[in-house]
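Colleague: One file: data-v8.cif (mmCIF, C-alpha atoms).
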```cif
data_data
#
loop_
_atom_site.label_atom_id
_atom_site.label_comp_id
_atom_site.auth_asym_id
_atom_site.auth_seq_id
_atom_site.Cartn_x
_atom_site.Cartn_y
_atom_site.Cartn_z
CA MET P 24 59.86 -82.44 16.08
CA PRO P 25 61.23 -79.63 13.88
CA ILE P 26 60.88 -75.97 14.83
CA ALA P 27 57.30 -74.76 14.43
CA GLU P 28 55.50 -71.48 13.92
CA GLY P 29 54.97 -69.62 17.18
CA GLN P 30 58.15 -70.96 18.80
CA SER P 31 61.09 -68.80 19.78
CA ILE P 32 64.23 -69.14 17.72
CA PRO P 33 66.55 -71.53 19.61
CA SER P 34 69.69 -70.12 21.13
CA ALA P 35 72.85 -71.14 19.30
CA THR P 36 76.17 -69.59 18.36
CA LEU P 37 76.97 -69.28 14.68
CA ARG P 38 80.13 -67.83 13.17
CA LYS P 39 80.70 -65.21 10.51
CA MET P 40 83.85 -63.99 8.80
CA THR P 41 84.43 -60.23 8.99
CA GLU P 42 87.34 -57.97 8.10
CA GLU P 43 88.48 -58.35 11.73
CA GLY P 44 88.26 -62.14 11.59
CA ILE P 45 85.68 -64.64 12.76
CA VAL P 46 82.96 -63.30 15.06
CA GLU P 47 80.34 -65.20 17.01
CA VAL P 48 76.70 -64.51 16.18
CA SER P 49 74.03 -65.38 18.73
CA THR P 50 70.85 -66.51 17.00
CA THR P 51 68.69 -64.86 19.67
CA ASP P 52 70.56 -61.54 19.39
CA TYR P 53 70.47 -61.72 15.57
CA CYS P 54 66.66 -62.02 15.60
CA LYS P 55 65.86 -59.68 18.49
CA GLY P 56 63.73 -56.66 17.65
CA ARG P 57 63.55 -57.17 13.90
CA LYS P 58 62.15 -59.32 11.11
CA VAL P 59 64.70 -61.70 9.65
CA ILE P 60 64.81 -64.54 7.19
CA ILE P 61 66.98 -67.53 8.01
CA PHE P 62 67.40 -70.18 5.38
CA GLY P 63 69.38 -73.34 5.81
CA LEU P 64 70.88 -75.69 3.30
CA PRO P 65 73.03 -78.83 3.12
CA GLY P 66 76.33 -77.32 2.05
CA ALA P 67 78.38 -74.59 0.50
CA PHE P 68 79.36 -74.98 -3.14
CA THR P 69 76.80 -77.75 -3.69
CA PRO P 70 74.77 -77.56 -6.93
CA THR P 71 71.24 -76.64 -5.81
CA CYS P 72 72.53 -74.37 -3.06
CA SER P 73 74.84 -72.49 -5.43
CA ARG P 74 72.69 -72.36 -8.55
CA THR P 75 69.26 -71.73 -7.07
CA HIS P 76 68.92 -71.26 -3.33
CA VAL P 77 71.37 -68.51 -2.34
CA PRO P 78 71.09 -66.67 -5.69
CA SER P 79 67.32 -66.32 -5.15
CA PHE P 80 67.96 -64.27 -2.00
CA VAL P 81 70.68 -62.18 -3.60
CA LYS P 82 68.41 -61.42 -6.56
CA HIS P 83 65.32 -60.57 -4.47
CA TYR P 84 67.13 -58.75 -1.66
CA ASP P 85 65.57 -55.33 -2.41
CA GLU P 86 62.04 -56.73 -2.62
CA LEU P 87 62.47 -58.53 0.70
CA GLN P 88 63.71 -55.31 2.31
CA GLN P 89 60.60 -53.54 1.01
CA LYS P 90 58.49 -56.17 2.80
CA GLY P 91 60.08 -55.24 6.13
CA VAL P 92 62.88 -57.79 6.29
CA SER P 93 65.87 -56.36 8.19
CA ALA P 94 68.33 -59.19 7.62
CA ILE P 95 68.75 -62.40 5.64
CA ALA P 96 70.95 -65.23 6.89
CA CYS P 97 72.14 -68.31 5.04
CA VAL P 98 73.18 -71.04 7.48
CA SER P 99 75.00 -74.25 6.68
CA VAL P 100 77.08 -76.89 8.45
CA ASN P 101 80.35 -75.52 7.13
CA ASP P 102 83.07 -73.40 8.71
CA ALA P 103 83.17 -69.59 8.56
CA PHE P 104 86.05 -69.60 6.05
CA VAL P 105 84.11 -71.72 3.57
CA MET P 106 80.88 -69.74 4.07
CA ASP P 107 82.74 -66.48 3.47
CA ALA P 108 84.47 -67.72 0.30
CA TRP P 109 81.21 -69.13 -1.00
CA GLY P 110 79.34 -65.89 -0.29
CA GLN P 111 81.99 -63.96 -2.21
CA THR P 112 81.57 -66.17 -5.28
CA LEU P 113 77.79 -65.64 -5.18
CA GLY P 114 77.84 -61.86 -4.66
CA ALA P 115 76.10 -62.18 -1.29
CA ALA P 116 78.15 -59.51 0.54
CA GLY P 117 75.93 -56.80 2.01
CA LYS P 118 72.78 -58.79 1.21
CA VAL P 119 72.96 -62.23 2.79
CA ASP P 120 74.84 -62.97 6.01
CA MET P 121 76.72 -66.22 5.45
CA LEU P 122 76.66 -67.90 8.88
CA ALA P 123 78.52 -71.08 9.77
CA ASP P 124 77.04 -73.81 11.96
CA GLY P 125 80.22 -75.87 11.92
CA SER P 126 79.21 -78.34 14.62
CA ALA P 127 75.53 -78.48 13.56
CA ASP P 128 74.42 -77.10 16.93
CA PHE P 129 71.78 -74.84 15.38
CA ALA P 130 70.63 -77.60 13.00
CA LYS P 131 70.19 -79.89 16.01
CA ALA P 132 68.35 -77.21 18.03
CA LEU P 133 65.95 -76.72 15.11
CA ASP P 134 65.64 -80.51 14.70
CA LEU P 135 66.53 -80.02 11.04
CA THR P 136 69.59 -82.22 10.66
CA LEU P 137 70.24 -84.28 7.58
CA ASP P 138 72.52 -87.31 7.71
CA LEU P 139 74.48 -87.46 4.46
CA SER P 140 77.14 -89.82 5.82
CA ALA P 141 76.37 -92.36 3.10
CA LYS P 142 77.41 -89.72 0.55
CA GLY P 143 80.57 -88.82 2.47
CA MET P 144 79.20 -85.48 3.71
CA GLY P 145 78.40 -86.35 7.36
CA LEU P 146 75.75 -84.56 9.39
CA ARG P 147 74.31 -81.56 7.54
CA MET P 148 71.40 -79.16 7.73
CA ASN P 149 68.13 -79.84 5.98
CA ARG P 150 66.95 -77.25 3.47
CA PHE P 151 64.46 -74.82 5.06
CA LEU P 152 63.14 -71.27 5.32
CA LEU P 153 62.26 -69.45 8.54
CA ILE P 154 60.72 -66.03 8.85
CA VAL P 155 61.38 -64.72 12.35
CA ASP P 156 59.79 -61.63 13.85
CA ASP P 157 61.44 -60.35 17.05
CA GLY P 158 62.69 -63.82 17.93
CA VAL P 159 59.44 -65.66 17.20
CA VAL P 160 59.17 -67.95 14.18
CA THR P 161 56.18 -66.84 12.10
CA ASN P 162 56.73 -69.10 9.08
CA VAL P 163 58.48 -72.44 8.58
CA LYS P 164 58.97 -74.13 5.22
CA ILE P 165 60.97 -77.36 5.01
CA GLU P 166 61.87 -78.93 1.69
CA GLU P 167 60.72 -82.52 1.15
CA SER P 168 64.00 -83.26 -0.64
CA ALA P 169 67.37 -81.69 0.16
CA GLY P 170 68.11 -81.61 -3.57
CA CYS P 171 65.22 -79.23 -4.25
CA ALA P 172 64.80 -75.55 -3.48
CA VAL P 173 61.13 -74.67 -3.96
CA VAL P 174 59.40 -73.75 -0.68
CA SER P 175 62.57 -72.34 0.89
CA THR P 176 63.52 -69.76 -1.76
CA ALA P 177 63.25 -65.98 -1.73
CA GLN P 178 60.21 -66.24 -3.99
CA SER P 179 58.49 -68.37 -1.35
CA ALA P 180 59.44 -65.84 1.35
CA LEU P 181 58.00 -63.02 -0.74
CA ALA P 182 54.71 -64.90 -1.09
CA LEU P 183 54.59 -65.46 2.67
CA LEU P 184 55.26 -61.78 3.31
CA TRP P 185 52.43 -60.68 1.00
CA PRO P 186 50.46 -58.89 2.14
CA HIS P 187 53.03 -57.37 4.46
CA ARG P 188 52.63 -59.10 7.81
CA SER P 189 54.02 -58.04 11.13
CA ARG P 190 53.57 -59.32 14.68
CA MET P 191 51.60 -56.98 16.87
#
```
Using structure tokens, write down the structure from this file.

Modeller:
Amino acid sequence: MPIAEGQSIPSATLRKMTEEGIVEVSTTDYCKGRKVIIFGLPGAFTPTCSRTHVPSFVKHYDELQQKGVSAIACVSVNDAFVMDAWGQTLGAAGKVDMLADGSADFAKALDLTLDLSAKGMGLRMNRFLLIVDDGVVTNVKIEESAGCAVVSTAQSALALLWPHRSRM
């Protein structure tokens, strides 16, 4: 059963490219003590992901910050080098943390894997949106089709955050 509202974010290690090289990012540490958005998608440089999904978060970054969001993470079953290069092409630096789930460990922990082996892409991550407040998932939106980005976009996150909600 996929991750549900009220559950703690599962512990996994993601990777991010920095000026010093690749660093490990603990999902539990990333979410601790703050409100974050984590959105997942099937793959870097793929059409819907590149044209719609990530750009929505880059475009609405300031509005999401005004709603109390401390960090936004894009996660995909790619390596840190690819995620970094992709983020650079989309202008995500300083707005969206491009985190790699190269072995799909986080996708598996969320129970949000997507088998695209028939299309030559192997095991991927389903397209989703999580709003996490101090490690607890407050909102989950999972796309019915991996080729669509409707309920998992920044616009959807903004609607979920209105009126401004916070765990107490």

Colleague: Leaving out Tyr53 (chain P) and any residue of its chain fewer than 5 positions from it, which residues lie within 12 Å of it when counting all atoms listed in the file, given as a list of chain:residue names?

Modeller: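 Here the qualifying residues turn out to be P:Ile32, P:Pro33, P:Ser34, P:Ala35, P:Thr36, P:Leu37, P:Arg38, P:Lys39, P:Glu47, P:Val48, P:Lys58, P:Val59, P:Ile60, P:Ile61, P:Ser93, P:Ala94, P:Ile95, P:Ala96, P:Asp120, P:Leu122, P:Val155, P:Asp156, P:Asp157, P:Gly158, P:Val159.
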
Colleague: Just checking: using all atoms listed in the file, which residue out of P:Leu135, P:Leu113, P:Ala123, P:Met40 ends up closest to Lys164 (chain P)?

Modeller: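 Of the candidates, the smallest distance to Lys164 (chain P) is held by P:Leu135.
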
Colleague: Looking at P:Thr136, P:Thr176, P:Ser168, P:Thr41, which one is nearest to Ile26 (chain P), with distances taken over only C-alpha atoms?

Modeller: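 Result for the nearest residue to Ile26 (chain P): P:Thr136.
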
Colleague: Where does the PyMOL selection byres ((chain P and resi 67) around 7) land in this file, that is, which residues does it pick, as a count of residues only?

Modeller: 7

Colleague: What's the 12 Å shell around Leu183 (chain P), counting all atoms listed in the file, without same-chain residues fewer than 4 positions away, as a ChimeraX atom specification?

Modeller: /P:60,87,90,92,152-155,161-164,174-179,187-189

Colleague: Could you turn the residues from that selection into a file that holds C-alpha atoms, as a PDB file, in the coordinates of the input?

Modeller:
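Output below, filename out.pdb:
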```pdb
ATOM      1  CA  ILE P  60      64.810 -64.540   7.190  1.00  0.00           C
ATOM      2  CA  LEU P  87      62.470 -58.530   0.700  1.00  0.00           C
ATOM      3  CA  LYS P  90      58.490 -56.170   2.800  1.00  0.00           C
ATOM      4  CA  VAL P  92      62.880 -57.790   6.290  1.00  0.00           C
ATOM      5  CA  LEU P 152      63.140 -71.270   5.320  1.00  0.00           C
ATOM      6  CA  LEU P 153      62.260 -69.450   8.540  1.00  0.00           C
ATOM      7  CA  ILE P 154      60.720 -66.030   8.850  1.00  0.00           C
ATOM      8  CA  VAL P 155      61.380 -64.720  12.350  1.00  0.00           C
ATOM      9  CA  THR P 161      56.180 -66.840  12.100  1.00  0.00           C
ATOM     10  CA  ASN P 162      56.730 -69.100   9.080  1.00  0.00           C
ATOM     11  CA  VAL P 163      58.480 -72.440   8.580  1.00  0.00           C
ATOM     12  CA  LYS P 164      58.970 -74.130   5.220  1.00  0.00           C
ATOM     13  CA  VAL P 174      59.400 -73.750  -0.680  1.00  0.00           C
ATOM     14  CA  SER P 175      62.570 -72.340   0.890  1.00  0.00           C
ATOM     15  CA  THR P 176      63.520 -69.760  -1.760  1.00  0.00           C
ATOM     16  CA  ALA P 177      63.250 -65.980  -1.730  1.00  0.00           C
ATOM     17  CA  GLN P 178      60.210 -66.240  -3.990  1.00  0.00           C
ATOM     18  CA  SER P 179      58.490 -68.370  -1.350  1.00  0.00           C
ATOM     19  CA  HIS P 187      53.030 -57.370   4.460  1.00  0.00           C
ATOM     20  CA  ARG P 188      52.630 -59.100   7.810  1.00  0.00           C
ATOM     21  CA  SER P 189      54.020 -58.040  11.130  1.00  0.00           C
TER      22      SER P 189
END
```

Colleague: Could you spell out the hits of the PyMOL selection byres ((chain P and resi 137) around 10) on the shown file, as a ChimeraX atom specification?

Modeller: /P:64-65,127,130-131,134-136,138-140,144-150,169

Colleague: Between P:Phe62, P:Trp185, P:Phe104, P:Phe129, which is the closest to Gln89 (chain P) once you count all atoms listed in the file?

Modeller: P:Trp185

Colleague: Report, in Å to a single decimal, how far apart CA of Gly63 (chain P) and CA of Ala132 (chain P) are.

Modeller: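 A separation of 12.9 Å between them.
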
Colleague: Let me make sure I understand: among P:Glu86, P:Ser49, P:Met121, P:Ile165, which one has the smallest atom-to-atom distance to Val105 (chain P) if we use all atoms listed in the file?

Modeller: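 Among the listed residues, the smallest separation from Val105 (chain P) belongs to P:Met121.
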
Colleague: If I wrap all listed atoms of region 43-52 of chain P in a box with edges along x, y and z and add 4 Å on each side, what are its centre and edge lengths in Å to one decimal, as JSON?

Modeller:
```
{"center_x": 78.6, "center_y": -62.4, "center_z": 15.6, "size_x": 27.8, "size_y": 16.2, "size_z": 16.1}
```

Colleague: One decimal, in Å: what's the spacing between CA of Val160 (chain P) and CA of Glu28 (chain P)?

Modeller: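 Spanning CA of Val160 (chain P) to CA of Glu28 (chain P) is a straight-line distance of 5.1 Å.
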
Colleague: What does the structure give for the distance between CA of Thr51 (chain P) and CA of Gly170 (chain P), in Å to one decimal?

Modeller: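 Between CA of Thr51 (chain P) and CA of Gly170 (chain P) the gap works out to 28.7 Å.
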
Colleague: For the file shown, what are the residues hit by the PyMOL selection byres ((chain P and resi 82) around 10), laid out as a short mmCIF file (atom, residue, chain, number, x, y, z; two decimals) with C-alpha atoms, in the coordinates of the input?

Modeller:
```cif
data_model
loop_
_atom_site.label_atom_id
_atom_site.label_comp_id
_atom_site.auth_asym_id
_atom_site.auth_seq_id
_atom_site.Cartn_x
_atom_site.Cartn_y
_atom_site.Cartn_z
CA VAL P 77 71.37 -68.51 -2.34
CA PRO P 78 71.09 -66.67 -5.69
CA SER P 79 67.32 -66.32 -5.15
CA PHE P 80 67.96 -64.27 -2.00
CA VAL P 81 70.68 -62.18 -3.60
CA HIS P 83 65.32 -60.57 -4.47
CA TYR P 84 67.13 -58.75 -1.66
CA ASP P 85 65.57 -55.33 -2.41
CA GLU P 86 62.04 -56.73 -2.62
CA LEU P 87 62.47 -58.53 0.70
CA GLY P 114 77.84 -61.86 -4.66
CA ALA P 115 76.10 -62.18 -1.29
CA LYS P 118 72.78 -58.79 1.21
CA ALA P 177 63.25 -65.98 -1.73
CA GLN P 178 60.21 -66.24 -3.99
#
```

Colleague: P:Ala182, P:Ala103, P:Val98, P:Ala108: which is nearest Leu133 (chain P), counting only C-alpha atoms?

Modeller: P:Val98

Colleague: Identify which of the residues P:His76, P:Pro70, P:Thr112, P:Ser126 lies closest to Glu166 (chain P), counting only C-alpha atoms when measuring atom-to-atom distances.

Modeller: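 Using only C-alpha atoms, the shortest distance to Glu166 (chain P) belongs to P:His76.
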
Colleague: Is it possible to add N, CA and C atoms to region 151-176 of chain P and hand it back as a compact mmCIF listing (two decimals), in the frame of the given file?

Modeller:
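So the final result, stored in rebuild.txt, reads:
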```txt
# COMPACT_ATOMS: atom_id res chain seq x y z
N PHE P 151 65.64 -75.42 4.46
CA PHE P 151 64.46 -74.82 5.06
C PHE P 151 64.48 -73.31 4.93
N LEU P 152 63.33 -72.72 5.27
CA LEU P 152 63.14 -71.27 5.32
C LEU P 152 62.41 -70.94 6.61
N LEU P 153 62.94 -69.97 7.36
CA LEU P 153 62.26 -69.45 8.54
C LEU P 153 62.09 -67.95 8.38
N ILE P 154 60.92 -67.46 8.71
CA ILE P 154 60.72 -66.03 8.85
C ILE P 154 60.54 -65.82 10.35
N VAL P 155 61.35 -64.93 10.91
CA VAL P 155 61.38 -64.72 12.35
C VAL P 155 61.12 -63.26 12.62
N ASP P 156 60.15 -63.00 13.50
CA ASP P 156 59.79 -61.63 13.85
C ASP P 156 60.04 -61.43 15.33
N ASP P 157 61.05 -60.63 15.67
CA ASP P 157 61.44 -60.35 17.05
C ASP P 157 61.64 -61.64 17.86
N GLY P 158 62.33 -62.58 17.25
CA GLY P 158 62.69 -63.82 17.93
C GLY P 158 61.67 -64.93 17.86
N VAL P 159 60.49 -64.65 17.30
CA VAL P 159 59.44 -65.66 17.20
C VAL P 159 59.30 -66.10 15.74
N VAL P 160 59.29 -67.40 15.52
CA VAL P 160 59.17 -67.95 14.18
C VAL P 160 57.72 -67.79 13.72
N THR P 161 57.53 -67.06 12.63
CA THR P 161 56.18 -66.84 12.10
C THR P 161 55.88 -67.74 10.92
N ASN P 162 56.91 -68.21 10.22
CA ASN P 162 56.73 -69.10 9.08
C ASN P 162 57.86 -70.11 9.04
N VAL P 163 57.51 -71.35 8.75
CA VAL P 163 58.48 -72.44 8.58
C VAL P 163 58.14 -73.17 7.29
N LYS P 164 59.12 -73.33 6.44
CA LYS P 164 58.97 -74.13 5.22
C LYS P 164 60.18 -75.06 5.14
N ILE P 165 59.91 -76.35 5.07
CA ILE P 165 60.97 -77.36 5.01
C ILE P 165 60.81 -78.12 3.70
N GLU P 166 61.90 -78.22 2.97
CA GLU P 166 61.87 -78.93 1.69
C GLU P 166 61.69 -80.43 1.93
N GLU P 167 60.91 -81.08 1.07
CA GLU P 167 60.72 -82.52 1.15
C GLU P 167 61.98 -83.26 0.73
N SER P 168 62.76 -82.66 -0.16
CA SER P 168 64.00 -83.26 -0.64
C SER P 168 65.11 -82.22 -0.55
N ALA P 169 66.24 -82.63 0.01
CA ALA P 169 67.37 -81.69 0.16
C ALA P 169 67.90 -81.22 -1.18
N GLY P 170 67.63 -81.97 -2.24
CA GLY P 170 68.11 -81.61 -3.57
C GLY P 170 67.23 -80.58 -4.28
N CYS P 171 66.14 -80.19 -3.65
CA CYS P 171 65.22 -79.23 -4.25
C CYS P 171 65.17 -77.94 -3.44
N ALA P 172 65.00 -76.84 -4.14
CA ALA P 172 64.80 -75.55 -3.48
C ALA P 172 63.55 -74.93 -4.10
N VAL P 173 62.42 -75.17 -3.46
CA VAL P 173 61.13 -74.67 -3.96
C VAL P 173 60.46 -73.83 -2.88
N VAL P 174 60.12 -74.45 -1.74
CA VAL P 174 59.40 -73.75 -0.68
C VAL P 174 60.31 -72.92 0.21
N SER P 175 61.62 -73.05 0.03
CA SER P 175 62.57 -72.34 0.89
C SER P 175 63.32 -71.21 0.18
N THR P 176 62.85 -70.81 -0.98
CA THR P 176 63.52 -69.76 -1.76
C THR P 176 63.02 -68.36 -1.39
```
